[in-house]
$ cat target.txt   # compact mmCIF, C-alpha atoms and all ligand atoms
# COMPACT_ATOMS: atom_id res chain seq x y z
CA MET A 26 88.15 255.68 -198.59
CA GLU A 27 85.38 253.13 -199.23
CA ARG A 28 83.23 254.52 -196.48
CA LEU A 29 82.45 257.55 -198.65
CA THR A 30 79.83 256.98 -201.31
CA SER A 31 80.13 260.41 -202.89
CA PRO A 32 82.97 262.90 -203.53
CA PRO A 33 84.53 264.11 -200.29
CA ARG A 34 83.71 267.69 -199.42
CA LEU A 35 87.29 268.40 -198.41
CA MET A 36 90.51 266.43 -198.56
CA ILE A 37 93.28 267.68 -196.31
CA VAL A 38 96.75 266.43 -197.14
CA SER A 39 99.06 267.42 -194.34
CA ASP A 40 102.65 266.89 -193.39
CA LEU A 41 103.14 265.88 -189.74
CA ASP A 42 106.35 267.18 -188.15
CA ASP A 43 106.17 270.95 -187.66
CA THR A 44 102.95 271.15 -189.67
CA MET A 45 100.23 269.08 -187.98
CA VAL A 46 102.45 268.49 -184.95
CA GLU A 47 104.15 271.34 -183.14
CA HIS A 48 107.53 270.34 -181.74
CA ARG A 49 108.69 273.63 -180.30
CA ASN A 50 106.27 275.79 -178.34
CA ASP A 51 103.27 273.66 -177.63
CA ASN A 52 103.82 270.78 -175.28
CA GLU A 53 100.11 270.81 -174.42
CA ASN A 54 99.32 270.10 -178.11
CA HIS A 55 96.90 272.97 -178.08
CA SER A 56 96.75 273.64 -181.82
CA LEU A 57 96.65 269.95 -182.76
CA LEU A 58 93.75 269.36 -180.37
CA ARG A 59 91.96 272.40 -181.84
CA PHE A 60 92.31 270.86 -185.29
CA ASN A 61 91.24 267.43 -184.08
CA SER A 62 87.94 268.57 -182.63
CA LEU A 63 87.19 270.70 -185.69
CA TRP A 64 87.86 267.74 -187.97
CA GLU A 65 85.79 265.25 -185.97
CA ASP A 66 82.98 267.72 -185.44
CA ALA A 67 82.59 269.11 -188.93
CA TYR A 68 84.53 267.05 -191.48
CA ARG A 69 85.12 263.43 -190.54
CA HIS A 70 81.79 262.17 -191.87
CA ASP A 71 82.12 263.49 -195.43
CA SER A 72 85.77 264.40 -195.93
CA LEU A 73 89.16 262.73 -196.20
CA LEU A 74 92.20 263.18 -193.99
CA VAL A 75 95.56 262.30 -195.50
CA PHE A 76 98.86 262.52 -193.64
CA SER A 77 101.95 262.75 -195.81
CA THR A 78 105.18 262.43 -193.87
CA GLY A 79 108.90 261.91 -194.35
CA ARG A 80 108.79 259.38 -191.53
CA ALA A 81 108.80 255.66 -192.13
CA LYS A 82 105.73 253.76 -190.86
CA LYS A 83 107.49 252.66 -187.70
CA MET A 84 108.48 256.20 -186.80
CA TYR A 85 104.98 257.42 -187.64
CA LYS A 86 103.56 254.87 -185.20
CA LYS A 87 105.96 256.15 -182.58
CA LEU A 88 104.72 259.71 -183.12
CA ARG A 89 101.12 258.49 -182.79
CA LYS A 90 101.98 257.19 -179.33
CA GLU A 91 103.56 260.48 -178.31
CA ARG A 92 100.99 262.90 -179.70
CA PRO A 93 97.20 263.05 -179.96
CA LEU A 94 97.09 262.35 -183.71
CA LEU A 95 93.84 261.46 -185.41
CA THR A 96 93.58 258.35 -187.55
CA PRO A 97 93.93 259.42 -191.18
CA ASP A 98 92.05 257.79 -194.06
CA VAL A 99 95.29 257.54 -196.01
CA ILE A 100 98.86 257.66 -194.77
CA VAL A 101 101.70 258.48 -197.14
CA THR A 102 105.03 257.63 -195.51
CA SER A 103 108.77 257.78 -196.32
CA VAL A 104 108.54 260.97 -198.43
CA GLY A 105 105.82 259.80 -200.79
CA THR A 106 107.27 256.36 -201.47
CA GLU A 107 104.65 254.37 -199.53
CA ILE A 108 100.87 254.75 -199.54
CA SER A 109 98.63 252.90 -197.08
CA TYR A 110 94.93 252.97 -196.37
CA GLY A 111 92.73 252.97 -193.31
CA GLU A 112 93.31 252.27 -189.66
CA SER A 113 95.12 249.02 -190.38
CA MET A 114 97.40 250.76 -192.92
CA VAL A 115 96.95 248.43 -195.87
CA PRO A 116 99.75 249.13 -198.37
CA ASP A 117 98.99 250.11 -201.95
CA GLU A 118 100.78 247.36 -203.91
CA ASN A 119 100.26 249.16 -207.17
CA TRP A 120 102.27 252.10 -205.83
CA VAL A 121 105.08 249.72 -204.90
CA GLU A 122 105.23 248.65 -208.56
CA ILE A 123 105.45 252.27 -209.66
CA MET A 124 108.27 252.87 -207.17
CA ASN A 125 110.24 249.93 -208.60
CA ASN A 126 110.43 251.58 -211.99
CA LYS A 127 114.04 252.46 -212.93
CA TRP A 128 115.07 252.04 -209.31
CA ASN A 129 117.79 249.91 -207.83
CA ARG A 130 118.54 250.41 -204.19
CA GLY A 131 121.92 248.69 -204.36
CA ILE A 132 123.17 251.04 -207.05
CA VAL A 133 121.99 254.11 -205.14
CA GLU A 134 123.76 252.81 -202.05
CA GLU A 135 126.95 252.22 -204.00
CA GLU A 136 127.00 255.63 -205.68
CA THR A 137 126.03 257.66 -202.62
CA SER A 138 128.75 255.97 -200.58
CA LYS A 139 131.28 257.72 -202.82
CA PHE A 140 130.25 261.13 -201.44
CA PRO A 141 132.03 261.94 -198.17
CA GLU A 142 129.68 264.95 -197.85
CA LEU A 143 126.76 262.58 -197.24
CA THR A 144 126.25 261.11 -193.79
CA LEU A 145 123.76 258.29 -193.62
CA GLN A 146 120.77 258.92 -191.33
CA ALA A 147 119.74 256.31 -188.75
CA GLU A 148 118.88 252.78 -189.91
CA THR A 149 115.19 253.38 -189.05
CA GLU A 150 115.04 256.04 -191.80
CA GLN A 151 116.40 253.81 -194.59
CA MET A 152 113.59 252.25 -196.58
CA PRO A 153 113.27 250.15 -199.75
CA HIS A 154 112.59 253.25 -201.87
CA LYS A 155 114.24 255.94 -199.77
CA LEU A 156 117.85 256.49 -198.75
CA SER A 157 118.31 259.39 -196.38
CA PHE A 158 121.37 261.41 -195.46
CA HIS A 159 122.47 264.51 -193.66
CA VAL A 160 124.44 267.06 -195.62
CA ASP A 161 125.86 270.50 -195.05
CA LYS A 162 123.67 273.09 -196.71
CA SER A 163 126.61 274.59 -198.60
CA LYS A 164 127.28 271.26 -200.35
CA VAL A 165 123.76 270.48 -201.49
CA GLN A 166 123.84 271.94 -205.01
CA GLU A 167 127.12 270.36 -205.97
CA VAL A 168 126.31 266.93 -204.52
CA THR A 169 122.83 266.89 -206.05
CA LYS A 170 124.09 267.70 -209.55
CA GLU A 171 126.82 265.10 -209.47
CA LEU A 172 124.63 262.39 -207.98
CA TYR A 173 121.92 262.92 -210.59
CA GLU A 174 124.48 262.49 -213.35
CA ARG A 175 126.05 259.37 -211.89
CA LEU A 176 122.74 257.63 -211.28
CA GLU A 177 121.45 258.57 -214.69
CA LYS A 178 124.53 257.01 -216.24
CA ARG A 179 123.72 253.84 -214.35
CA GLY A 180 120.25 253.76 -215.86
CA LEU A 181 118.24 254.96 -212.86
CA GLU A 182 115.58 257.66 -212.67
CA ILE A 183 115.71 259.24 -209.26
CA LYS A 184 114.73 262.35 -207.37
CA ILE A 185 116.75 264.17 -204.71
CA ILE A 186 114.92 266.20 -202.08
CA PHE A 187 116.47 268.61 -199.60
CA SER A 188 114.53 269.44 -196.41
CA GLY A 189 114.87 271.20 -193.11
CA GLY A 190 118.23 272.72 -194.09
CA ILE A 191 119.95 269.39 -193.44
CA ALA A 192 118.19 266.26 -194.78
CA LEU A 193 118.75 264.84 -198.23
CA ASP A 194 116.58 262.00 -199.52
CA VAL A 195 117.12 259.94 -202.64
CA ILE A 196 113.91 258.33 -203.91
CA PRO A 197 112.52 257.04 -207.24
CA LYS A 198 111.65 259.78 -209.74
CA GLY A 199 108.00 258.72 -209.73
CA GLY A 200 107.81 259.06 -205.92
CA GLY A 201 107.57 262.05 -203.59
CA LYS A 202 104.69 263.66 -201.77
CA GLY A 203 103.45 265.45 -204.90
CA GLN A 204 103.39 262.35 -207.09
CA ALA A 205 101.71 260.37 -204.33
CA LEU A 206 99.00 263.03 -204.10
CA ALA A 207 98.55 263.12 -207.89
CA TYR A 208 98.16 259.32 -207.80
CA LEU A 209 95.55 259.52 -205.03
CA LEU A 210 93.59 262.23 -206.82
CA ASN A 211 93.60 260.17 -209.98
CA LYS A 212 92.45 257.08 -208.11
CA LEU A 213 89.64 259.04 -206.47
CA LYS A 214 88.66 260.51 -209.83
CA THR A 215 88.40 257.05 -211.39
CA GLU A 216 86.13 256.02 -208.53
CA GLY A 217 83.96 259.11 -209.12
CA LYS A 218 85.10 260.59 -205.81
CA LEU A 219 87.30 263.51 -206.74
CA PRO A 220 87.25 265.81 -203.68
CA LEU A 221 85.34 269.07 -204.09
CA ASN A 222 88.31 270.83 -202.50
CA THR A 223 91.83 269.75 -201.59
CA LEU A 224 94.04 271.60 -199.14
CA VAL A 225 97.73 270.74 -198.84
CA CYS A 226 99.71 271.77 -195.76
CA GLY A 227 103.44 271.78 -195.19
CA ASP A 228 106.52 273.41 -193.72
CA SER A 229 109.63 272.08 -195.44
CA GLY A 230 111.42 271.04 -198.64
CA ASN A 231 109.82 267.65 -199.04
CA ASP A 232 106.38 269.35 -198.99
CA THR A 233 107.18 271.64 -201.94
CA GLU A 234 105.80 269.20 -204.53
CA LEU A 235 102.41 269.19 -202.80
CA PHE A 236 101.96 272.83 -203.77
CA THR A 237 102.67 272.14 -207.44
CA ILE A 238 99.71 269.79 -207.97
CA PRO A 239 97.02 271.52 -210.08
CA ASP A 240 93.78 272.73 -208.51
CA VAL A 241 94.75 272.40 -204.87
CA TYR A 242 94.71 275.02 -202.16
CA GLY A 243 97.87 275.23 -200.14
CA VAL A 244 99.08 276.53 -196.81
CA LEU A 245 102.65 277.01 -195.68
CA VAL A 246 102.39 277.19 -191.92
CA SER A 247 103.91 280.36 -190.41
CA ASN A 248 106.90 278.40 -189.13
CA ALA A 249 107.83 277.08 -192.62
CA GLN A 250 111.50 276.36 -193.33
CA GLU A 251 113.76 278.50 -195.46
CA GLU A 252 113.84 276.16 -198.49
CA LEU A 253 110.03 276.13 -198.76
CA LEU A 254 109.81 279.90 -198.22
CA GLU A 255 112.32 280.39 -201.03
CA TRP A 256 110.24 278.24 -203.33
CA TYR A 257 107.15 280.24 -202.34
CA ALA A 258 108.83 283.58 -203.02
CA GLU A 259 109.76 282.44 -206.51
CA ASN A 260 106.80 280.32 -207.52
CA GLY A 261 103.89 280.60 -205.16
CA LYS A 262 103.39 284.24 -204.25
CA HIS A 263 101.24 285.04 -207.28
CA ASN A 264 99.01 282.06 -206.82
CA SER A 265 96.12 283.24 -204.66
CA ASN A 266 95.33 279.61 -203.80
CA ILE A 267 98.50 279.32 -201.74
CA ILE A 268 99.04 281.25 -198.53
CA HIS A 269 101.75 281.61 -195.96
CA ALA A 270 99.73 281.46 -192.74
CA SER A 271 100.31 283.79 -189.85
CA GLU A 272 99.73 280.97 -187.36
CA ARG A 273 101.95 278.05 -186.54
CA CYS A 274 101.33 274.39 -187.35
CA ALA A 275 97.75 273.04 -187.04
CA SER A 276 96.43 276.50 -186.19
CA GLY A 277 97.79 277.62 -189.57
CA ILE A 278 95.74 274.85 -191.20
CA ILE A 279 92.57 276.08 -189.47
CA GLU A 280 93.47 279.59 -190.59
CA ALA A 281 93.67 278.37 -194.22
CA ILE A 282 90.30 276.60 -194.02
CA GLY A 283 88.82 279.95 -193.03
CA GLN A 284 90.75 282.00 -195.55
CA PHE A 285 89.82 279.79 -198.51
CA LYS A 286 86.25 279.33 -197.19
CA LEU A 287 86.49 275.56 -197.37
CA GLY A 288 83.90 274.98 -194.65
CA PRO A 289 83.48 275.53 -190.90
CA ASN A 290 86.60 276.85 -189.20
CA LEU A 291 85.42 277.31 -185.65
CA SER A 292 86.92 274.55 -183.55
CA PRO A 293 84.65 273.39 -180.70
CA ARG A 294 87.73 273.99 -178.53
CA ASP A 295 87.38 277.70 -179.24
CA VAL A 296 83.82 277.75 -177.93
CA SER A 297 83.72 278.39 -174.22
CA ASP A 298 80.06 277.86 -173.46
CA PHE A 299 78.39 274.93 -175.18
CA LEU A 300 75.00 275.58 -173.61
CA GLU A 301 74.77 278.72 -175.70
CA CYS A 302 75.27 277.14 -179.10
CA LYS A 303 72.85 274.25 -179.20
CA ALA A 304 70.62 275.64 -181.92
CA ASP A 305 72.17 274.58 -185.23
CA ASN A 306 73.11 271.07 -184.17
CA VAL A 307 72.06 268.69 -186.93
CA ASN A 308 74.70 266.03 -186.47
CA PRO A 309 74.83 263.64 -183.50
CA GLY A 310 78.62 263.36 -183.96
CA HIS A 311 78.78 266.98 -182.87
CA GLU A 312 76.93 266.07 -179.68
CA VAL A 313 79.59 263.50 -178.82
CA VAL A 314 82.58 265.72 -179.64
CA GLU A 315 81.14 268.46 -177.44
CA PHE A 316 80.28 266.14 -174.60
CA PHE A 317 83.84 264.80 -174.32
CA LEU A 318 85.25 268.29 -174.54
CA PHE A 319 82.96 269.32 -171.73
CA TYR A 320 84.08 266.22 -169.80
CA GLU A 321 87.73 267.28 -170.22
CA ARG A 322 87.00 270.81 -169.03
CA TRP A 323 84.91 269.60 -166.14
CA ARG A 324 87.66 267.36 -164.84
CA ARG A 325 90.33 270.00 -165.48
CA GLY A 326 88.13 272.35 -163.47
CA GLU A 327 87.94 274.80 -166.36
CA VAL A 328 84.18 275.12 -166.39
CA GLU A 329 82.24 276.38 -163.45
CA ASN A 330 81.04 273.72 -161.05
CA CYS A 331 77.39 274.52 -161.50
CA GLU A 332 74.39 272.26 -161.56
CA ALA A 333 72.98 273.89 -164.68
CA TYR A 334 75.58 271.96 -166.68
CA THR A 335 74.95 268.53 -165.24
CA GLU A 336 71.17 269.12 -165.23
CA SER A 337 71.27 270.06 -168.91
CA LEU A 338 73.24 266.91 -169.67
CA LYS A 339 70.83 264.76 -167.70
CA ALA A 340 67.92 266.35 -169.52
CA SER A 341 69.36 265.15 -172.82
CA CYS A 342 69.53 261.52 -171.60
CA ASP A 343 66.62 259.11 -171.80
CA PRO A 344 65.54 258.41 -168.17
CA ALA A 345 65.97 254.67 -168.81
CA GLY A 346 69.21 255.13 -170.82
CA VAL A 347 72.11 252.93 -169.80
CA PHE A 348 75.88 253.31 -169.73
CA VAL A 349 77.86 250.10 -170.19
CA HIS A 350 81.37 250.44 -168.77
CA PRO A 351 84.31 248.58 -170.41
CA SER A 352 84.28 246.20 -167.43
CA GLY A 353 80.77 245.16 -168.49
CA ALA A 354 79.10 246.80 -165.48
CA GLU A 355 76.05 248.94 -166.15
CA LYS A 356 74.59 252.11 -164.71
CA LEU A 357 71.81 254.47 -165.68
CA LEU A 358 73.11 257.31 -167.84
CA ARG A 359 71.62 259.86 -165.49
CA ASP A 360 73.37 258.28 -162.51
CA THR A 361 76.61 258.34 -164.47
CA ILE A 362 76.21 262.09 -164.96
CA ASP A 363 75.61 262.50 -161.23
CA GLU A 364 78.78 260.53 -160.63
CA LEU A 365 80.68 262.79 -163.02
CA GLY A 366 79.49 265.73 -160.94
CA LYS A 367 81.78 264.57 -158.10
CA TYR A 368 84.86 264.65 -160.29
CA HIS A 369 84.90 268.37 -160.96
CA GLY A 370 88.52 269.57 -161.09
CA ASP A 371 90.00 266.19 -160.05
CA LYS A 372 92.45 266.39 -163.00
CA LYS A 373 93.48 269.98 -162.42
CA ASP A 374 97.20 270.47 -163.17
CA LYS A 375 97.52 266.82 -164.21
CA LYS A 376 98.01 267.42 -167.94
CA PHE A 377 94.67 265.80 -168.59
CA ARG A 378 93.37 265.74 -172.16
CA VAL A 379 90.48 264.02 -173.89
CA TRP A 380 90.06 263.74 -177.64
CA THR A 381 87.76 261.88 -179.98
CA ASP A 382 88.84 260.11 -183.16
CA GLN A 383 86.97 258.51 -186.06
CA VAL A 384 83.60 259.87 -185.02
CA LEU A 385 81.12 258.38 -187.46
CA ALA A 386 77.35 258.59 -187.24
CA THR A 387 74.88 256.35 -189.07
CA GLU A 388 71.15 256.84 -189.16
CA THR A 389 69.98 253.25 -188.73
CA THR A 390 66.25 253.95 -188.94
CA PRO A 391 64.66 257.39 -189.36
CA GLY A 392 65.29 259.27 -186.14
CA THR A 393 67.71 256.71 -184.66
CA TRP A 394 71.45 257.21 -184.85
CA ILE A 395 74.46 255.16 -183.90
CA VAL A 396 77.67 257.10 -183.35
CA LYS A 397 80.92 255.17 -183.15
CA LEU A 398 84.21 256.67 -182.09
CA ALA A 399 87.49 256.14 -180.34
CA LYS A 400 87.63 258.13 -177.12
CA TRP A 401 91.13 258.91 -175.86
CA GLU A 402 92.04 260.10 -172.42
CA GLN A 403 95.53 261.12 -171.37
CA THR A 404 96.81 262.01 -167.90
CA GLY A 405 100.48 262.98 -167.98
CA ASN A 406 102.01 260.22 -170.09
CA GLU A 407 99.35 257.62 -169.39
CA ARG A 408 96.83 256.94 -172.13
CA LYS A 409 93.55 255.10 -172.32
CA CYS A 410 91.35 254.49 -175.31
CA CYS A 411 87.80 253.19 -175.44
CA THR A 412 85.82 252.18 -178.47
CA THR A 413 82.59 253.96 -177.78
CA THR A 414 79.15 253.46 -179.26
CA VAL A 415 76.34 255.91 -178.56
CA LYS A 416 72.75 255.49 -179.59
CA PHE A 417 70.70 258.64 -180.09
CA THR A 418 67.13 259.31 -181.04
CA SER A 419 65.95 262.60 -182.39
CA LYS A 420 62.57 264.16 -182.81
CA GLU A 421 62.14 267.11 -185.10
CA ASN A 422 63.16 270.39 -183.44
CA GLU A 423 63.91 268.67 -180.14
CA GLY A 424 67.58 267.85 -180.48
CA PHE A 425 69.22 264.52 -179.79
CA VAL A 426 68.41 262.23 -176.89
CA TRP A 427 71.17 259.97 -175.51
CA GLU A 428 69.70 256.48 -175.33
CA ASN A 429 72.65 254.28 -174.62
CA VAL A 430 76.45 254.49 -174.27
CA GLN A 431 78.66 251.45 -174.52
CA GLN A 432 82.43 251.36 -174.10
CA THR A 433 85.03 248.64 -174.57
CA TRP A 434 88.80 248.90 -174.20
CA SER A 435 90.47 249.57 -177.51
CA GLU A 436 93.38 247.44 -178.72
CA GLU A 437 95.42 250.65 -178.76
CA SER A 438 94.77 251.43 -175.10
CA GLU A 439 97.93 251.29 -173.00
CA VAL A 440 95.98 251.13 -169.77
CA LYS A 441 92.85 249.02 -169.28
CA ASP A 442 91.78 250.09 -165.85
CA ASP A 443 88.35 248.92 -164.82
CA SER A 444 88.33 250.63 -161.44
CA ASN A 445 87.49 254.12 -162.65
CA TRP A 446 83.74 254.36 -162.93
CA ILE A 447 83.06 257.40 -164.98
CA ILE A 448 82.22 257.67 -168.62
C1 LIG B 501 111.78 262.91 -192.05
C2 LIG B 501 112.45 261.57 -192.24
C3 LIG B 501 113.86 261.74 -192.74
C4 LIG B 501 113.87 262.63 -193.98
C5 LIG B 501 113.20 263.94 -193.67
C6 LIG B 501 113.12 264.86 -194.86
O1 LIG B 501 112.33 263.59 -191.00
O2 LIG B 501 112.44 260.87 -191.03
O3 LIG B 501 114.44 260.50 -193.05
O4 LIG B 501 115.17 262.83 -194.43
O5 LIG B 501 111.88 263.69 -193.23
O6 LIG B 501 112.38 264.32 -195.90
MG MG B 502 107.60 268.85 -191.72

$ encode --input "target.txt" --output "structure tokens"
Amino acid sequence: MERLTSPPRLMIVSDLDDTMVEHRNDNENHSLLRFNSLWEDAYRHDSLLVFSTGRAKKMYKKLRKERPLLTPDVIVTSVGTEISYGESMVPDENWVEIMNNKWNRGIVEEETSKFPELTLQAETEQMPHKLSFHVDKSKVQEVTKELYERLEKRGLEIKIIFSGGIALDVIPKGGGKGQALAYLLNKLKTEGKLPLNTLVCGDSGNDTELFTIPDVYGVLVSNAQEELLEWYAENGKHNSNIIHASERCASGIIEAIGQFKLGPNLSPRDVSDFLECKADNVNPGHEVVEFFLFYERWRRGEVENCEAYTESLKASCDPAGVFVHPSGAEKLLRDTIDELGKYHGDKKDKKFRVWTDQVLATETTPGTWIVKLAKWEQTGNERKCCTTTVKFTSKENEGFVWENVQQTWSEESEVKDDSNWII
């Protein structure tokens, strides 16, 4: 959050499973990729992305390997009982203290074990401030009431959350996705960085609290679960700041951005011809997002194999501009574009996807920009990631000129293959 010096324009706080990430109908990750390019293109530089998930950190990392997830600024894991910051996920120790209040894991374990209705979830789901079970829907009310009473008698203050028609979590009373968000908002406020707008996004019971935080916009994705829809029917319907989207998952989030007029809502992935929409480009990050999208479409054979495209790209490169490959080898940028020309359609039907993450532009001297990003490439199940640095210059009314592109293999890259010689 330090990278921002003024209040973020938008803070999105989104659940992952079945909200940001579609698990049912979208094995090409179409809606997630739409969201990703919109975020990197229009929001990354002045906004905050927060993921708030029921998953523990380990399971979140697993999901990151399976799906093209962006890197959030803040990650709230284990149903709002852990908060961590930045790419390296530095835990908020202060939040840990808050979670310890009137909490004793041993006692919760002891009391819950007396309920035959509760089946413990896998070991990977059990965390210091979260015990998770499966329970039959018909037993939830009864078990919840009784458990609250027993734990209260033993001096604890806890919260029980029912999600997805099956999962029951026991966490400290001060925890949960809503409390974690309230804490973050308060922290940002103290730093003078209260977001201009906040949008919360969810699909199931453990997301309910997010919608109860004052002054936030909210979207229930179209595929929301019964328990959240029930809450909405009773409490949310008359609040015009909360909508039930007509689109599923990440597409529902984009829909809400548009509906609440929170900023641009046209994903670059929804634009078919980039050559036509050059005019209002004032951000070199946009240039990079579009280029890699074009690169994906070119190799998937989804854009026409015509020279006008490659010529237009070459025209935006400095004639002496250089591309430095992760292997350390160098080539002129214009030659690299010529090389790319030969790869039209080579990834057709190969489940090839390219996405950009953490696209951040800095104007180092007037008219000179450095854009840094992580560029991901996936073919089938094989993934590569390059840390990419692009230098641009810009003259008034003339657009951006690519001066230099440098790539190195990212730590996160599963494959570090130096043989492939394109960008
Ligand atoms: C996630 C967690 C699980 C929890 C559920 C509902 O799926 O992995 O432990 O019970 O969210 O909060
Ligand atoms: Mg969910």

$ residues_around --input "target.txt" --residues "range 73-83 of chain A" --least-positions-apart "6" --cutoff "8 Å" --atoms "all atoms listed in the file" --output "PyMOL selection string"
chain A and resi 26+33+35-42+97-105+149-150+152+202+231

$ residues_near_point --input "target.txt" --point "(90.9, 251.0, -192.7)" --cutoff "9 Å" --atoms "only C-alpha atoms" --output "ChimeraX atom specification"
/A:26-27,98-99,110-115

$ residues_around --input "target.txt" --residues "range 166-173 of chain A" --least-positions-apart "6" --cutoff "12 Å" --atoms "all atoms listed in the file" --output "PyMOL selection string"
chain A and resi 132-143+158-160+179-187+193-198

$ residues_around --input "target.txt" --residues "Glu255 in chain A" --least-positions-apart "3" --cutoff "12 Å" --atoms "all atoms listed in the file" --output "list of chain:residue names"
A:Gly190, A:Asp228, A:Ser229, A:Gly230, A:Thr233, A:Leu245, A:Ala249, A:Gln250, A:Glu251, A:Glu252, A:Ala258, A:Glu259, A:Asn260, A:Gly261, A:Lys262, A:His269

$ residues_around --input "target.txt" --residues "Val307 in chain A" --least-positions-apart "6" --cutoff "12 Å" --atoms "all atoms listed in the file" --output "list in words"
Asp66, Ala67, Ala386, Gly392, Trp394, Ser419, Lys420, Glu421, Asn422, Glu423, Gly424 and Phe425 of chain A

$ atom_distance --input "target.txt" --atom1 "CA of Asn406 in chain A" --atom2 "CA of Glu91 in chain A"
8.4 Å

$ closest_residue --input "target.txt" --among "A:Thr44, A:Ser56, A:Ser157, A:Thr215" --to "ligand LIG 501 (chain B)" --atoms "only C-alpha atoms and all ligand atoms"
A:Ser157

$ atom_distance --input "target.txt" --atom1 "CA of Thr389 in chain A" --atom2 "CA of Ser292 in chain A"
27.7 Å

$ closest_residue --input "target.txt" --among "A:Lys164, A:Lys400, A:Arg273, A:Lys218" --to "ligand MG 502 (chain B)" --atoms "only C-alpha atoms and all ligand atoms"
A:Arg273

$ atom_distance --input "target.txt" --atom1 "CA of Asn126 in chain A" --atom2 "CA of Glu148 in chain A"
23.7 Å

$ closest_residue --input "target.txt" --among "A:Gln383, A:Pro391, A:Trp427, A:Phe317" --to "Phe348 in chain A" --atoms "all atoms listed in the file"
A:Trp427

$ closest_residue --input "target.txt" --among "A:Leu176, A:Ala147, A:Ile362, A:Leu253" --to "ligand MG 502 (chain B)" --atoms "only C-alpha atoms and all ligand atoms"
A:Leu253
